[in-house]
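Engineer: The structure is given below, and queries will be raised subsequently.
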Amino acid sequence: LASNELRGTIPAEIFYLGHLEELILDFNTFDAEALPSEIVELKSLKFFSCAKCGLNGPVPDELEKLTQLSSLRLEGNSFSGTLPKFLQNLNSLSYLDLSSQTAPGLTGSLLSFSSSKNMRKLYLNNNGLSGTIPSDFLASVDLATFETADLSQNSLSGAVPGNLASIIHEVYLEGNAISSIDQRNCKNPEIEQFGCDGVLCPPGTFSVTGRQMSVLESCMKCSSSIYFGT
């Protein structure tokens with residue numbers, strides 16, 4: 001049902017298709033509303049996507065009941081409030097995208113997702129998340145299948161913790177208020193040739209990507225840059 005210029009409210013009848021496994025409502029123009037609570041009826045749902053479809057309010061607690069969910073894409077809406085803790089308890093979840101919510105976006109602390117062993121792609125960029133990166137962030141992901149975590153363009157502060165060393169080349173942190181980098185991250189074989197610049201460009205320097213990603217794309221001097229990766 002994506003990109004069909006659907007308008008008005010999301011029909012509640014959709015949520016009574018008890019055996020439905022995939023529901024894609026992207027790029028429609030629903031009236032600004034909270035996600036209908038009836039979504040809990042979709043017990044078999046594995047893939048739910050409603051990107052840029054006019055949703056607002058907090059991320060609904062009803063999603064916690066969708067225990068089969070492996071992919072949740074809600075980017076480009078107007079969700080607000082904090083990241084609900086149940087997101088890190090959805091054991092089947094491998095793809096989560098809550099990026100680019102309309103300002104102020106999602107706020108509060110970053111969840112650790114420390115027990116999200118199946119997580120492959122995590123997009124929380126372009127929000128208002130603050131505080132430090134948990135020391136056990138994504139601690140149990142499968143290194144063979146993990147692909148990316150984008151935390152860029154938030155208000156995260158403090159250090160890049162050393163537990164990220166094995167996946168740091170796939171973690172994007174530019175545009176935050178990072179003040180230090182645990183040196184273990186800089187020894188990741190994928191970025192070791194660039195040292196800590198391969199994690200984030202240091203204060204006083206700048207790169208379009210916030211880090212050095214090739215020999216042709218180094219961190220350049222920029223006196224207005226006061227944090228790592230800005």
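Residue numbering restarts at 1 for every chain of the structure tokens, chains are lettered A, B, ... in their displayed order, and ligands are numbered from 1 as they appear.
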Go through chain A and collect every residue that DSSP, computed from the backbone, puts in strand (DSSP E or B); the answer should be as an MDAnalysis selection string.

Structural biologist: chainID A and resid 7:8 22:24 29:30 33 47:49 55:57 71:73 78:79 81:82 95:97 106:109 121:123 128:132 148:150 155:160 171:172 177:181 205:206 214 217 220:221 228

Engineer: Kindly assemble as a tab-separated table a list of the range 73-171 of chain A residues that lie within 10 Å of range 195-209 of chain A, each paired with its nearest atom pair and their distance in Å to one decimal, using only C-alpha atoms, sorted first by chain and then by ascending residue number.

Structural biologist:
```
residue	atom	partner	partner_atom	distance
A:Ser152	CA	A:Thr209	CA	9.9
A:Val160	CA	A:Val199	CA	8.9
A:Ala165	CA	A:Val199	CA	9.7
A:Ile168	CA	A:Val199	CA	6.9
A:His169	CA	A:Val199	CA	6.9
A:Glu170	CA	A:Val199	CA	9.5
A:Val171	CA	A:Val199	CA	8.4
```

Engineer: Next, dump the selected residues to file, keeping only N, CA, C and O atoms, as a compact mmCIF listing (two decimals), in the first residue's frame.

Structural biologist:
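Final output, saved to out_20.txt:
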```txt
# COMPACT_ATOMS: atom_id res chain seq x y z
N SER A 152 24.22 9.48 14.08
CA SER A 152 24.68 10.82 13.72
C SER A 152 23.58 11.87 13.91
O SER A 152 22.39 11.57 13.94
N VAL A 160 33.39 7.85 23.17
CA VAL A 160 33.03 6.68 22.38
C VAL A 160 33.58 5.48 23.14
O VAL A 160 34.81 5.33 23.26
N ALA A 165 34.74 -1.31 19.73
CA ALA A 165 35.93 -1.45 18.89
C ALA A 165 35.74 -2.41 17.72
O ALA A 165 36.23 -2.16 16.62
N ILE A 168 33.17 -0.48 15.28
CA ILE A 168 33.20 0.98 15.20
C ILE A 168 33.23 1.49 13.75
O ILE A 168 32.73 2.58 13.45
N HIS A 169 33.78 0.69 12.84
CA HIS A 169 33.82 1.12 11.43
C HIS A 169 32.44 1.17 10.81
O HIS A 169 32.25 1.75 9.74
N GLU A 170 31.44 0.56 11.48
CA GLU A 170 30.07 0.58 10.99
C GLU A 170 29.14 1.41 11.89
O GLU A 170 27.92 1.35 11.75
N VAL A 171 29.72 2.17 12.81
CA VAL A 171 28.94 3.03 13.70
C VAL A 171 29.19 4.48 13.33
O VAL A 171 30.35 4.93 13.31
```

Engineer: Quick one: residues within 8 Å of range 124-129 of chain A, only C-alpha atoms, excluding same-chain residues fewer than 4 positions away - as a list in words?

Structural biologist: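 Non-adjacent residues within range: Asp97, Leu98, Ser99, Ser100, Gln101, Thr102, Ala103, Pro104, Gly105, Leu106, Thr107, Gly108, Ser109, Leu110, Ala149, Asp150, Leu151, Ser152, Gln153, Asn154, Ser155 and Leu156 of chain A.
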
Engineer: From a DSSP calculation on the backbone, collect every residue of range 15-225 of chain A in helix (DSSP H, G or I) and output the set as number ranges by chain.

Structural biologist: A: 15-16, 37-41, 61-65, 85-89, 162-164, 168-170, 183-187, 192-198

Engineer: With a distance cut-off of 7 Å and only C-alpha atoms, select the neighbouring residues of range 56-63 of chain A, excluding the residue or stretch itself and same-chain residues fewer than 3 positions from it, and output the selection as a PyMOL selection string.

Structural biologist: chain A and resi 32-35+37+40+66+77-81+84

Engineer: Can you tell me which residues surround Ile167 in chain A at a distance of at most 12 Å, considering only C-alpha atoms, apart from same-chain residues fewer than 4 positions away, and format the answer as a PyMOL selection string?

Structural biologist: chain A and resi 120+137-150+160-163+171-172+184-191+199

Engineer: Find the residue from A:His19, A:Ile226, A:Phe48, A:Leu55 that sits nearest to Leu96 in chain A; use only C-alpha atoms when measuring.

Structural biologist: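 When distances to Leu96 in chain A are compared using only C-alpha atoms, the smallest one comes from A:Phe48.
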
Engineer: How many Å lie between CA of Lys221 in chain A and CA of Gly175 in chain A, rounded to one decimal?

Structural biologist: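 Computing the Euclidean distance for CA of Lys221 in chain A and CA of Gly175 in chain A yields 16.3 Å.
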
Engineer: To one decimal place in Å, what is the distance between CA of Leu87 in chain A and CA of Leu111 in chain A?

Structural biologist: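 Those two atoms sit 8.6 Å apart.
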
Engineer: Choose the residue, out of A:Asn89, A:Thr230, A:Ser166, A:Thr9, that has the smallest atom-to-atom separation from Pro36 in chain A; count only C-alpha atoms.

Structural biologist: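 Closest to Pro36 in chain A of all the choices is A:Thr9.
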
Engineer: Write out as number ranges by chain each polymer residue whose atoms come within 7 Å of Cys53 in chain A, counting only C-alpha atoms; drop sequence neighbours fewer than 6 positions from it.

Structural biologist: A: 26-30, 77

Engineer: So that I can see what lies close to Val215 in chain A, please list as a list in words the residues with an atom at most 12 Å from it, counting only C-alpha atoms and leaving out residues fewer than 2 positions away in the same chain.

Structural biologist: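 The neighbour list is Ile191, Gln193, Phe194, Asp197, Gly198, Arg211, Gln212, Met213, Glu217, Ser218 and Cys219 of chain A.
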
Engineer: Which one is closest to Ser92 in chain A: A:Leu164, A:Ala12, A:Leu45, A:Leu74? Count only C-alpha atoms.

Structural biologist: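 So, comparing all the options, the nearest one is A:Leu45.
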
Engineer: Using Å and a single decimal, report how far CA of Ser130 in chain A sits from CA of Ser71 in chain A.

Structural biologist: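 Separating CA of Ser71 in chain A from CA of Ser130 in chain A is a distance of 24.7 Å.
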